[in-house]
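Data block for target-v1.pdb (PDB, C-alpha atoms):
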MODEL        1
ATOM      1  CA  MET A  24     140.755-104.302 -16.737
ATOM      2  CA  SER A  25     140.880-100.644 -17.458
ATOM      3  CA  SER A  26     143.179 -99.625 -14.650
ATOM      4  CA  PRO A  27     146.022 -97.333 -13.745
ATOM      5  CA  PRO A  28     149.233 -99.347 -13.558
ATOM      6  CA  THR A  29     150.417-100.427 -10.153
ATOM      7  CA  SER A  30     153.843-101.184  -8.842
ATOM      8  CA  PRO A  31     155.304-104.583  -9.638
ATOM      9  CA  ASP A  32     154.862-107.118  -6.906
ATOM     10  CA  SER A  33     157.782-108.016  -4.741
ATOM     11  CA  PRO A  34     158.139-111.580  -3.490
ATOM     12  CA  ALA A  35     157.126-110.412  -0.040
ATOM     13  CA  SER A  36     153.812-109.171  -1.347
ATOM     14  CA  PHE A  37     152.659-112.692  -2.249
ATOM     15  CA  SER A  38     151.172-113.370   1.157
ATOM     16  CA  ARG A  39     148.727-116.066   2.120
ATOM     17  CA  LEU A  40     145.282-115.154   0.881
ATOM     18  CA  THR A  41     142.605-114.913   3.566
ATOM     19  CA  LEU A  42     138.907-115.406   2.861
ATOM     20  CA  THR A  43     138.340-111.679   3.345
ATOM     21  CA  GLY A  44     141.123-110.852   0.910
ATOM     22  CA  PHE A  45     139.866-113.353  -1.653
ATOM     23  CA  LEU A  46     136.311-111.993  -1.473
ATOM     24  CA  THR A  47     137.618-108.417  -1.734
ATOM     25  CA  LEU A  48     139.529-109.277  -4.901
ATOM     26  CA  LEU A  49     136.437-110.899  -6.373
ATOM     27  CA  LEU A  50     134.371-107.837  -5.437
ATOM     28  CA  ILE A  51     136.792-105.583  -7.318
ATOM     29  CA  ALA A  52     136.631-107.885 -10.366
ATOM     30  CA  LEU A  53     132.827-107.832 -10.170
ATOM     31  CA  MET A  54     132.723-104.028  -9.997
ATOM     32  CA  MET A  55     135.143-103.716 -12.917
ATOM     33  CA  GLY A  56     133.085-106.103 -15.025
ATOM     34  CA  ALA A  57     129.891-104.275 -14.052
ATOM     35  CA  ASN A  58     131.575-100.966 -14.926
ATOM     36  CA  HIS A  59     131.941-102.074 -18.540
ATOM     37  CA  VAL A  60     128.396-103.396 -18.733
ATOM     38  CA  ALA A  61     127.173-100.044 -17.365
ATOM     39  CA  ALA A  62     129.352 -98.292 -19.948
ATOM     40  CA  ARG A  63     127.729-100.265 -22.776
ATOM     41  CA  THR A  64     124.312 -99.300 -21.391
ATOM     42  CA  ALA A  65     125.334 -95.637 -21.430
ATOM     43  CA  PHE A  66     126.725 -95.949 -24.979
ATOM     44  CA  ASN A  67     123.433 -97.450 -26.120
ATOM     45  CA  HIS A  68     121.617 -94.332 -24.893
ATOM     46  CA  GLY A  69     123.525 -91.376 -26.262
ATOM     47  CA  VAL A  70     126.789 -91.245 -24.287
ATOM     48  CA  ASP A  71     130.006 -91.241 -26.285
ATOM     49  CA  VAL A  72     133.298 -92.825 -25.212
ATOM     50  CA  VAL A  73     135.117 -89.573 -24.429
ATOM     51  CA  THR A  74     132.295 -88.360 -22.191
ATOM     52  CA  ALA A  75     132.329 -91.619 -20.249
ATOM     53  CA  VAL A  76     136.114 -91.495 -19.799
ATOM     54  CA  THR A  77     135.964 -87.854 -18.651
ATOM     55  CA  PHE A  78     133.271 -88.438 -16.028
ATOM     56  CA  ARG A  79     134.836 -91.660 -14.749
ATOM     57  CA  SER A  80     138.366 -90.277 -14.505
ATOM     58  CA  SER A  81     137.351 -86.940 -12.960
ATOM     59  CA  VAL A  82     135.378 -88.517 -10.135
ATOM     60  CA  THR A  83     138.094 -91.113  -9.477
ATOM     61  CA  ALA A  84     140.749 -88.376  -9.374
ATOM     62  CA  PHE A  85     138.648 -86.453  -6.844
ATOM     63  CA  VAL A  86     138.226 -89.516  -4.622
ATOM     64  CA  VAL A  87     141.946 -90.331  -4.738
ATOM     65  CA  ALA A  88     142.761 -86.670  -4.015
ATOM     66  CA  LEU A  89     140.722 -86.946  -0.813
ATOM     67  CA  ILE A  90     142.692 -90.075   0.104
ATOM     68  CA  LEU A  91     145.999 -88.271  -0.520
ATOM     69  CA  TRP A  92     144.875 -85.376   1.655
ATOM     70  CA  GLN A  93     143.475 -87.547   4.450
ATOM     71  CA  GLN A  94     146.549 -89.797   4.558
ATOM     72  CA  LYS A  95     148.980 -86.885   4.131
ATOM     73  CA  VAL A  96     150.833 -88.483   1.226
ATOM     74  CA  SER A  97     153.896 -86.560   0.056
ATOM     75  CA  LEU A  98     153.426 -84.915  -3.338
ATOM     76  CA  GLN A  99     157.138 -84.412  -4.045
ATOM     77  CA  LEU A 100     158.201 -85.612  -7.493
ATOM     78  CA  SER A 101     161.464 -85.332  -9.396
ATOM     79  CA  ALA A 102     161.523 -83.891 -12.916
ATOM     80  CA  ARG A 103     162.102 -87.385 -14.342
ATOM     81  CA  GLN A 104     159.149 -88.786 -12.392
ATOM     82  CA  GLN A 105     156.908 -85.952 -13.546
ATOM     83  CA  LYS A 106     157.814 -86.617 -17.182
ATOM     84  CA  ASN A 107     157.200 -90.334 -16.919
ATOM     85  CA  LEU A 108     153.948 -89.898 -14.978
ATOM     86  CA  LEU A 109     152.699 -87.594 -17.728
ATOM     87  CA  LEU A 110     153.603 -90.228 -20.327
ATOM     88  CA  ILE A 111     151.819 -92.929 -18.312
ATOM     89  CA  GLY A 112     148.751 -90.699 -18.032
ATOM     90  CA  ILE A 113     148.685 -90.193 -21.810
ATOM     91  CA  LEU A 114     149.012 -93.937 -22.403
ATOM     92  CA  ILE A 115     146.208 -94.731 -19.950
ATOM     93  CA  ALA A 116     144.039 -92.087 -21.631
ATOM     94  CA  VAL A 117     144.545 -93.816 -24.979
ATOM     95  CA  GLN A 118     143.977 -97.220 -23.377
ATOM     96  CA  SER A 119     140.746 -96.060 -21.714
ATOM     97  CA  VAL A 120     139.308 -94.639 -24.927
ATOM     98  CA  CYS A 121     140.325 -97.725 -26.923
ATOM     99  CA  LEU A 122     138.872-100.184 -24.415
ATOM    100  CA  TYR A 123     135.555 -98.341 -24.096
ATOM    101  CA  SER A 124     135.456 -98.048 -27.903
ATOM    102  CA  SER A 125     135.814-101.833 -28.066
ATOM    103  CA  VAL A 126     133.101-102.318 -25.419
ATOM    104  CA  ALA A 127     130.818-100.094 -27.511
ATOM    105  CA  ARG A 128     131.251-102.397 -30.541
ATOM    106  CA  LEU A 129     131.702-105.937 -29.186
ATOM    107  CA  PRO A 130     129.999-108.117 -26.621
ATOM    108  CA  VAL A 131     131.492-106.816 -23.377
ATOM    109  CA  ALA A 132     133.156-110.098 -22.370
ATOM    110  CA  LEU A 133     134.895-110.462 -25.744
ATOM    111  CA  ALA A 134     136.250-106.921 -25.584
ATOM    112  CA  LEU A 135     137.695-107.615 -22.131
ATOM    113  CA  LEU A 136     139.149-110.949 -23.223
ATOM    114  CA  ALA A 137     140.994-109.349 -26.123
ATOM    115  CA  PHE A 138     142.254-106.639 -23.775
ATOM    116  CA  ASN A 139     143.410-109.264 -21.273
ATOM    117  CA  THR A 140     146.227-110.226 -23.628
ATOM    118  CA  TYR A 141     148.165-107.349 -22.073
ATOM    119  CA  PRO A 142     150.676-109.722 -20.361
ATOM    120  CA  LEU A 143     151.919-110.500 -23.877
ATOM    121  CA  SER A 144     152.087-106.796 -24.705
ATOM    122  CA  THR A 145     153.997-106.171 -21.490
ATOM    123  CA  ALA A 146     156.555-108.858 -22.362
ATOM    124  CA  PHE A 147     156.961-107.389 -25.851
ATOM    125  CA  TRP A 148     157.583-103.827 -24.622
ATOM    126  CA  ALA A 149     159.960-104.982 -21.862
ATOM    127  CA  ARG A 150     162.004-106.839 -24.483
ATOM    128  CA  LEU A 151     161.951-103.979 -26.993
ATOM    129  CA  LEU A 152     162.681-101.088 -24.628
ATOM    130  CA  TYR A 153     164.755-102.655 -21.857
ATOM    131  CA  GLY A 154     166.133-105.850 -23.377
ATOM    132  CA  HIS A 155     164.368-108.106 -20.893
ATOM    133  CA  ARG A 156     163.827-111.629 -22.140
ATOM    134  CA  PRO A 157     160.337-112.952 -21.420
ATOM    135  CA  GLU A 158     160.116-115.546 -18.682
ATOM    136  CA  ARG A 159     159.692-119.140 -19.791
ATOM    137  CA  ALA A 160     156.175-119.164 -18.299
ATOM    138  CA  VAL A 161     155.179-116.204 -20.488
ATOM    139  CA  LEU A 162     156.593-117.844 -23.618
ATOM    140  CA  LEU A 163     154.675-121.041 -22.879
ATOM    141  CA  ALA A 164     151.480-119.077 -22.180
ATOM    142  CA  MET A 165     151.587-117.058 -25.397
ATOM    143  CA  PRO A 166     150.330-119.723 -27.833
ATOM    144  CA  LEU A 167     147.774-121.016 -25.318
ATOM    145  CA  MET A 168     146.359-117.554 -24.752
ATOM    146  CA  LEU A 169     146.239-116.817 -28.483
ATOM    147  CA  VAL A 170     144.428-120.099 -29.195
ATOM    148  CA  GLY A 171     141.911-119.300 -26.460
ATOM    149  CA  LEU A 172     141.405-115.817 -27.850
ATOM    150  CA  ALA A 173     140.933-117.216 -31.362
ATOM    151  CA  LEU A 174     138.208-119.535 -30.074
ATOM    152  CA  ALA A 175     136.550-116.765 -28.055
ATOM    153  CA  LEU A 176     136.509-114.378 -30.998
ATOM    154  CA  ASP A 177     135.314-117.115 -33.379
ATOM    155  CA  VAL A 178     138.009-116.097 -35.870
ATOM    156  CA  PHE A 179     136.627-118.246 -38.698
ATOM    157  CA  GLY A 180     133.018-117.181 -38.156
ATOM    158  CA  ALA A 181     131.859-120.766 -37.547
ATOM    159  CA  ALA A 182     129.813-120.052 -34.405
ATOM    160  CA  SER A 183     128.143-117.015 -35.948
ATOM    161  CA  GLY A 184     127.443-118.831 -39.212
ATOM    162  CA  LEU A 185     128.547-115.759 -41.142
ATOM    163  CA  GLY A 186     131.884-116.955 -42.452
ATOM    164  CA  ALA A 187     135.234-115.333 -41.684
ATOM    165  CA  ALA A 188     134.954-112.307 -43.951
ATOM    166  CA  GLN A 189     131.512-111.167 -42.858
ATOM    167  CA  HIS A 190     132.197-111.984 -39.205
ATOM    168  CA  TRP A 191     135.370-109.902 -39.155
ATOM    169  CA  GLY A 192     133.541-107.146 -40.947
ATOM    170  CA  GLN A 193     131.354-106.959 -37.841
ATOM    171  CA  ILE A 194     133.966-107.414 -35.100
ATOM    172  CA  GLY A 195     137.227-106.279 -36.693
ATOM    173  CA  VAL A 196     137.176-102.655 -35.524
ATOM    174  CA  GLY A 197     136.178-103.624 -31.984
ATOM    175  CA  VAL A 198     138.947-106.228 -31.760
ATOM    176  CA  ALA A 199     141.481-103.715 -33.089
ATOM    177  CA  PHE A 200     140.476-101.239 -30.383
ATOM    178  CA  ALA A 201     140.802-103.914 -27.678
ATOM    179  CA  LEU A 202     144.256-104.969 -28.873
ATOM    180  CA  ALA A 203     145.320-101.321 -29.065
ATOM    181  CA  ALA A 204     144.179-100.948 -25.446
ATOM    182  CA  SER A 205     146.216-104.035 -24.567
ATOM    183  CA  ALA A 206     149.322-102.648 -26.272
ATOM    184  CA  THR A 207     149.139 -99.219 -24.638
ATOM    185  CA  PHE A 208     148.374-100.686 -21.213
ATOM    186  CA  GLY A 209     151.323-103.062 -21.513
ATOM    187  CA  LEU A 210     153.595-100.139 -22.386
ATOM    188  CA  ALA A 211     152.274 -98.151 -19.412
ATOM    189  CA  LEU A 212     153.007-101.096 -17.103
ATOM    190  CA  VAL A 213     156.574-101.418 -18.366
ATOM    191  CA  ILE A 214     157.284 -97.706 -17.944
ATOM    192  CA  THR A 215     155.747 -97.832 -14.471
ATOM    193  CA  GLN A 216     157.946-100.775 -13.497
ATOM    194  CA  HIS A 217     161.172 -99.222 -14.708
ATOM    195  CA  GLU A 218     160.674 -95.500 -14.200
ATOM    196  CA  THR A 219     158.223 -94.787 -11.344
ATOM    197  CA  THR A 220     158.582 -97.548  -8.763
ATOM    198  CA  GLU A 221     159.492 -95.019  -6.060
ATOM    199  CA  VAL A 222     156.290 -93.024  -6.563
ATOM    200  CA  ASP A 223     153.481 -93.792  -4.104
ATOM    201  CA  GLY A 224     150.729 -95.798  -5.830
ATOM    202  CA  ARG A 225     148.032 -93.398  -4.643
ATOM    203  CA  LEU A 226     149.882 -90.396  -6.052
ATOM    204  CA  ARG A 227     150.549 -92.218  -9.317
ATOM    205  CA  THR A 228     146.866 -93.071  -9.641
ATOM    206  CA  PHE A 229     145.898 -89.457  -8.945
ATOM    207  CA  THR A 230     148.261 -88.020 -11.569
ATOM    208  CA  THR A 231     147.150 -90.633 -14.078
ATOM    209  CA  MET A 232     143.446 -89.963 -13.567
ATOM    210  CA  VAL A 233     143.930 -86.186 -13.704
ATOM    211  CA  THR A 234     145.853 -86.508 -16.965
ATOM    212  CA  VAL A 235     143.194 -88.786 -18.454
ATOM    213  CA  ALA A 236     140.376 -86.462 -17.360
ATOM    214  CA  VAL A 237     142.058 -83.343 -18.760
ATOM    215  CA  LEU A 238     142.892 -84.990 -22.098
ATOM    216  CA  ALA A 239     139.409 -86.475 -22.466
ATOM    217  CA  ALA A 240     137.769 -83.140 -21.641
ATOM    218  CA  ALA A 241     140.033 -81.386 -24.152
ATOM    219  CA  VAL A 242     139.100 -83.858 -26.889
ATOM    220  CA  SER A 243     135.419 -83.484 -26.008
ATOM    221  CA  SER A 244     135.661 -79.712 -26.361
ATOM    222  CA  THR A 245     136.784 -80.156 -29.967
ATOM    223  CA  GLN A 246     133.871 -82.485 -30.736
ATOM    224  CA  SER A 247     130.835 -80.339 -29.849
ATOM    225  CA  GLY A 248     131.171 -80.967 -26.118
ATOM    226  CA  PHE A 249     129.953 -83.812 -23.953
ATOM    227  CA  HIS A 250     127.383 -86.250 -25.328
ATOM    228  CA  LEU A 251     125.066 -86.834 -22.391
ATOM    229  CA  PRO A 252     122.429 -89.592 -22.082
ATOM    230  CA  ASN A 253     119.207 -89.216 -24.035
ATOM    231  CA  ALA A 254     117.174 -91.461 -21.718
ATOM    232  CA  PRO A 255     117.002 -92.139 -17.966
ATOM    233  CA  VAL A 256     118.607 -95.577 -18.363
ATOM    234  CA  GLY A 257     121.583 -93.870 -19.978
ATOM    235  CA  TRP A 258     122.025 -91.656 -16.908
ATOM    236  CA  TRP A 259     121.891 -94.757 -14.741
ATOM    237  CA  GLY A 260     124.590 -96.308 -16.917
ATOM    238  CA  LEU A 261     126.834 -93.243 -16.769
ATOM    239  CA  GLY A 262     126.364 -92.898 -13.015
ATOM    240  CA  ALA A 263     126.950 -96.605 -12.421
ATOM    241  CA  LEU A 264     130.146 -96.804 -14.466
ATOM    242  CA  THR A 265     131.524 -93.756 -12.639
ATOM    243  CA  PHE A 266     130.567 -95.087  -9.206
ATOM    244  CA  LEU A 267     131.802 -98.624  -9.865
ATOM    245  CA  TYR A 268     135.148 -97.547 -11.301
ATOM    246  CA  GLY A 269     135.850 -95.010  -8.559
ATOM    247  CA  THR A 270     134.785 -97.384  -5.786
ATOM    248  CA  ALA A 271     136.857-100.270  -7.161
ATOM    249  CA  PHE A 272     140.007 -98.177  -7.214
ATOM    250  CA  THR A 273     139.366 -96.687  -3.803
ATOM    251  CA  ILE A 274     139.199-100.230  -2.437
ATOM    252  CA  MET A 275     142.246-101.250  -4.442
ATOM    253  CA  PHE A 276     144.484 -98.553  -3.029
ATOM    254  CA  THR A 277     143.184 -98.374   0.546
ATOM    255  CA  VAL A 278     141.957-101.834   1.516
ATOM    256  CA  LEU A 279     144.118-104.283  -0.428
ATOM    257  CA  PRO A 280     147.475-103.087   0.958
ATOM    258  CA  LYS A 281     146.123-103.522   4.501
ATOM    259  CA  LEU A 282     144.976-107.048   3.666
ATOM    260  CA  GLY A 283     148.398-107.893   2.285
ATOM    261  CA  VAL A 284     147.032-109.479  -0.886
ATOM    262  CA  VAL A 285     148.445-107.195  -3.574
ATOM    263  CA  GLY A 286     150.545-110.032  -4.959
ATOM    264  CA  ASN A 287     147.413-112.096  -5.563
ATOM    265  CA  SER A 288     145.725-109.415  -7.660
ATOM    266  CA  ALA A 289     145.756-111.699 -10.724
ATOM    267  CA  ILE A 290     142.558-113.170  -9.307
ATOM    268  CA  MET A 291     140.875-109.967 -10.481
ATOM    269  CA  ASN A 292     141.424-111.150 -14.059
ATOM    270  CA  VAL A 293     138.220-113.155 -13.727
ATOM    271  CA  GLU A 294     136.606-109.821 -14.613
ATOM    272  CA  PRO A 295     135.565-111.060 -18.106
ATOM    273  CA  VAL A 296     133.663-113.943 -16.481
ATOM    274  CA  PHE A 297     131.632-111.524 -14.370
ATOM    275  CA  ALA A 298     131.165-109.288 -17.418
ATOM    276  CA  LEU A 299     129.917-112.251 -19.425
ATOM    277  CA  VAL A 300     127.252-113.118 -16.838
ATOM    278  CA  LEU A 301     126.200-109.495 -16.289
ATOM    279  CA  ALA A 302     126.079-108.728 -20.015
ATOM    280  CA  TRP A 303     123.857-111.784 -20.526
ATOM    281  CA  ALA A 304     121.530-110.686 -17.697
ATOM    282  CA  VAL A 305     121.451-106.945 -18.407
ATOM    283  CA  LEU A 306     122.191-106.584 -22.114
ATOM    284  CA  ASP A 307     120.966-109.962 -23.390
ATOM    285  CA  GLN A 308     124.434-110.640 -24.838
ATOM    286  CA  SER A 309     125.516-114.253 -25.184
ATOM    287  CA  ILE A 310     128.295-116.194 -26.876
ATOM    288  CA  ALA A 311     128.506-119.720 -28.293
ATOM    289  CA  PRO A 312     129.789-122.705 -26.248
ATOM    290  CA  MET A 313     133.045-122.826 -28.232
ATOM    291  CA  GLN A 314     133.588-119.151 -27.449
ATOM    292  CA  LEU A 315     132.977-119.884 -23.771
ATOM    293  CA  LEU A 316     135.692-122.530 -23.917
ATOM    294  CA  GLY A 317     138.099-120.018 -25.449
ATOM    295  CA  ALA A 318     137.175-117.456 -22.806
ATOM    296  CA  GLY A 319     137.947-119.984 -20.092
ATOM    297  CA  VAL A 320     141.349-120.710 -21.620
ATOM    298  CA  VAL A 321     142.278-117.004 -21.751
ATOM    299  CA  VAL A 322     141.123-116.269 -18.194
ATOM    300  CA  ALA A 323     142.805-119.359 -16.746
ATOM    301  CA  THR A 324     146.081-118.569 -18.543
ATOM    302  CA  VAL A 325     146.152-114.966 -17.355
ATOM    303  CA  VAL A 326     145.366-115.955 -13.757
ATOM    304  CA  CYS A 327     148.083-118.646 -13.791
ATOM    305  CA  LEU A 328     150.582-116.124 -15.129
ATOM    306  CA  GLY A 329     149.680-113.665 -12.404
ATOM    307  CA  LEU A 330     149.938-116.241  -9.623
ATOM    308  CA  ARG A 331     153.213-117.824 -10.752
ATOM    309  CA  LYS A 332     156.143-117.666  -8.366
ATOM    310  CA  ARG A 333     158.629-114.911  -9.140
TER     311      ARG A 333
ENDMDL
END

C-alpha cells encoding of this file:
Amino acid sequence: MSSPPTSPDSPASFSRLTLTGFLTLLLIALMMGANHVAARTAFNHGVDVVTAVTFRSSVTAFVVALILWQQKVSLQLSARQQKNLLLIGILIAVQSVCLYSSVARLPVALALLAFNTYPLSTAFWARLLYGHRPERAVLLAMPLMLVGLALALDVFGAASGLGAAQHWGQIGVGVAFALAASATFGLALVITQHETTEVDGRLRTFTTMVTVAVLAAAVSSTQSGFHLPNAPVGWWGLGALTFLYGTAFTIMFTVLPKLGVVGNSAIMNVEPVFALVLAWAVLDQSIAPMQLLGAGVVVATVVCLGLRKR
C-alpha cells in the first residue's frame, strides 16, 4: 500500500485478533484498494499523478493535524529526528508519485502486486545500510515471491499472446515505477525503524504528509499547475481517492492501537485482491487465470511474512 511508514512491531503488539479487529483491518485494505481504483478513474479523466498526490496528502495532513491537536500530542523533535523525518517525507513523496504512475499505466492489481515486493526491498536496505542479515523466513520467501510476481506480470507474454518483447513494451514502464515505489518505501521503512522509533506515529504521519504535499505542490507549480478533472466522473475519482486515503489512515492511527491489533497489520496486504475485484467491476480490468495464481502466491507470501513470529 501507499502508506507512511509505521513503527516496527514489538512482540507485545502481536495480540490475539478479535473479530472487530480483523474486520477493521480488512476495511482498511478495502479502502486502500479502492483508493487506487479511484485514482485510476481520476487519471482517465484529466487528473495527473502530482495533482492526485497533492490533494490526497494535503487532506490527510489536515485530518492528522486535527488528531494531534485533539489528543494533545507533543510536537517536540530533536535535530536528528527532524532531519530523518524530512528524509522519510521525501522518500514517501517519491514512492507516492511512482506508485500512482504505475497505477496509471498498469492494471491496478498488478501495480500493487509489484509494489508489494517491498519486504524484499526492506531486507536489502537493512543489509546495505545497517549490516542486518535478512531473516531465514525472508530469504526463503524471496524466490517464491519473485516467481509469483513473474506469473502475475506474465513476464513471457504468454497470457497476453503478444510475446515477451511486445508485452514488456506495454508494461515495462509501469512495472519499473512500481518497483521504484517498492525500493523507496523499503528504504523509508528501514530509516523509520532505525532513526525515528521514538517519534509518535501520529506526528510522524503528519510530518510525512506535509512534506509530500509541499513537494508535490512545488512540482505542480513548475508544470503549469494542477491538472484537474475534465469530466464529473474524474471529480468523483479525485474526491474518492482523497476521502478513502485520509479515512484509512485516520482509522489506522486512532482505532487500531485501541484494538491492539497493530502487529497483525500484514492482513492489510490483501489490498491487491480487493483492488483486483474493484478494478474488474469499475474499470473492466481483468487478468488471466495464470496471473491470478501468481497474484495469490505474492499476497499469501507477504501475509505470511507479516504474521511470522519475531

Of A:Pro142, A:Gly154, A:Gly197, A:Gly224, the one sitting nearest Gly329 of chain A when using only C-alpha atoms is A:Pro142

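Put simply, atom CA of Leu108 of chain A is 22.2 Å away from atom CA of Tyr123 of chain A.
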
Exactly which residues make up the result of the PyMOL selection byres ((chain A and resi 265) around 12) on this file, given as an mmCIF file with C-alpha atoms, in the frame of the given file?
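Final output, saved to out-v8.cif:
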data_model
loop_
_atom_site.group_PDB
_atom_site.id
_atom_site.type_symbol
_atom_site.label_atom_id
_atom_site.label_comp_id
_atom_site.auth_asym_id
_atom_site.auth_seq_id
_atom_site.Cartn_x
_atom_site.Cartn_y
_atom_site.Cartn_z
ATOM 1 C CA MET A 54 132.723 -104.028 -9.997
ATOM 2 C CA MET A 55 135.143 -103.716 -12.917
ATOM 3 C CA ALA A 57 129.891 -104.275 -14.052
ATOM 4 C CA ASN A 58 131.575 -100.966 -14.926
ATOM 5 C CA HIS A 59 131.941 -102.074 -18.540
ATOM 6 C CA VAL A 60 128.396 -103.396 -18.733
ATOM 7 C CA ALA A 61 127.173 -100.044 -17.365
ATOM 8 C CA ALA A 62 129.352 -98.292 -19.948
ATOM 9 C CA ALA A 65 125.334 -95.637 -21.430
ATOM 10 C CA THR A 74 132.295 -88.360 -22.191
ATOM 11 C CA ALA A 75 132.329 -91.619 -20.249
ATOM 12 C CA VAL A 76 136.114 -91.495 -19.799
ATOM 13 C CA THR A 77 135.964 -87.854 -18.651
ATOM 14 C CA PHE A 78 133.271 -88.438 -16.028
ATOM 15 C CA ARG A 79 134.836 -91.660 -14.749
ATOM 16 C CA SER A 80 138.366 -90.277 -14.505
ATOM 17 C CA SER A 81 137.351 -86.940 -12.960
ATOM 18 C CA VAL A 82 135.378 -88.517 -10.135
ATOM 19 C CA THR A 83 138.094 -91.113 -9.477
ATOM 20 C CA ALA A 84 140.749 -88.376 -9.374
ATOM 21 C CA PHE A 85 138.648 -86.453 -6.844
ATOM 22 C CA VAL A 86 138.226 -89.516 -4.622
ATOM 23 C CA TRP A 258 122.025 -91.656 -16.908
ATOM 24 C CA TRP A 259 121.891 -94.757 -14.741
ATOM 25 C CA GLY A 260 124.590 -96.308 -16.917
ATOM 26 C CA LEU A 261 126.834 -93.243 -16.769
ATOM 27 C CA GLY A 262 126.364 -92.898 -13.015
ATOM 28 C CA ALA A 263 126.950 -96.605 -12.421
ATOM 29 C CA LEU A 264 130.146 -96.804 -14.466
ATOM 30 C CA PHE A 266 130.567 -95.087 -9.206
ATOM 31 C CA LEU A 267 131.802 -98.624 -9.865
ATOM 32 C CA TYR A 268 135.148 -97.547 -11.301
ATOM 33 C CA GLY A 269 135.850 -95.010 -8.559
ATOM 34 C CA THR A 270 134.785 -97.384 -5.786
ATOM 35 C CA ALA A 271 136.857 -100.270 -7.161
ATOM 36 C CA PHE A 272 140.007 -98.177 -7.214
#

Kindly resolve the PyMOL selection byres ((chain A and resi 293) around 9) on the present coordinates and return the residues as an NGL selection string. :A and (49 or 52-53 or 56 or 289-292 or 294-298 or 322-323 or 325-326)

Expansion of the PyMOL selection byres ((chain A and resi 68) around 8) into residues, as a ChimeraX atom specification: /A:64-67,69-70,252-254,256-257

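Atom CA of Thr145 of chain A lies 20.0 Å from atom CA of Val222 of chain A.
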
Fewer than 6 positions away in the same chain doesn't count, so skip those; otherwise give me all residues within 9 Å of Ala164 of chain A, counting only C-alpha atoms, as a PyMOL selection string. chain A and resi 143+324-325+328

Separation of atom CA of Ile51 of chain A from atom CA of Val321 of chain A in Å: 19.2 Å

Restricting the calculation to all atoms listed in the file: of A:Arg159, A:Arg63, A:His250, A:Lys106, which residue gets closest to Thr230 of chain A? A:Lys106

I'd like to know which of A:Leu251, A:Leu238, A:Leu226, A:Leu133 is closest to Leu100 of chain A, using all atoms listed in the file. A:Leu226

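Distances to Thr219 of chain A were evaluated for A:Gln94, A:Gln104, A:Gln314, A:Gln99 using all atoms listed in the file, and the minimum falls at A:Gln104.
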
Distance query Ser119 of chain A at most 8 Å, only C-alpha atoms, self and fewer than 2 positions along chain excluded, as a tab-separated table (two decimals) with C-alpha atoms, in the frame of the given file:
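What follows is the written file selection15.tsv:
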chain	number	residue	atom	x	y	z
A	25	SER	CA	140.88	-100.64	-17.46
A	76	VAL	CA	136.11	-91.50	-19.80
A	115	ILE	CA	146.21	-94.73	-19.95
A	116	ALA	CA	144.04	-92.09	-21.63
A	117	VAL	CA	144.54	-93.82	-24.98
A	121	CYS	CA	140.32	-97.72	-26.92
A	122	LEU	CA	138.87	-100.18	-24.42
A	123	TYR	CA	135.56	-98.34	-24.10
A	204	ALA	CA	144.18	-100.95	-25.45

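Surrounding residues of (142.0, -120.0, -24.8) at most 7 Å away are Leu167, Met168, Leu169, Val170, Gly171, Leu172, Leu174, Leu316, Gly317, Ala318, Gly319, Val320 and Val321 of chain A (based on only C-alpha atoms).
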
Nearest to Val131 of chain A, restricted to only C-alpha atoms and choosing among A:Met275, A:Val305, A:Leu162, A:Val233, comes out as A:Val305

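Of the residues under consideration (A:Ala88, A:Ile214, A:Ala201, A:Leu109), A:Ala201 shows the shortest atom-to-atom contact distance to Leu129 of chain A when counting all atoms listed in the file.
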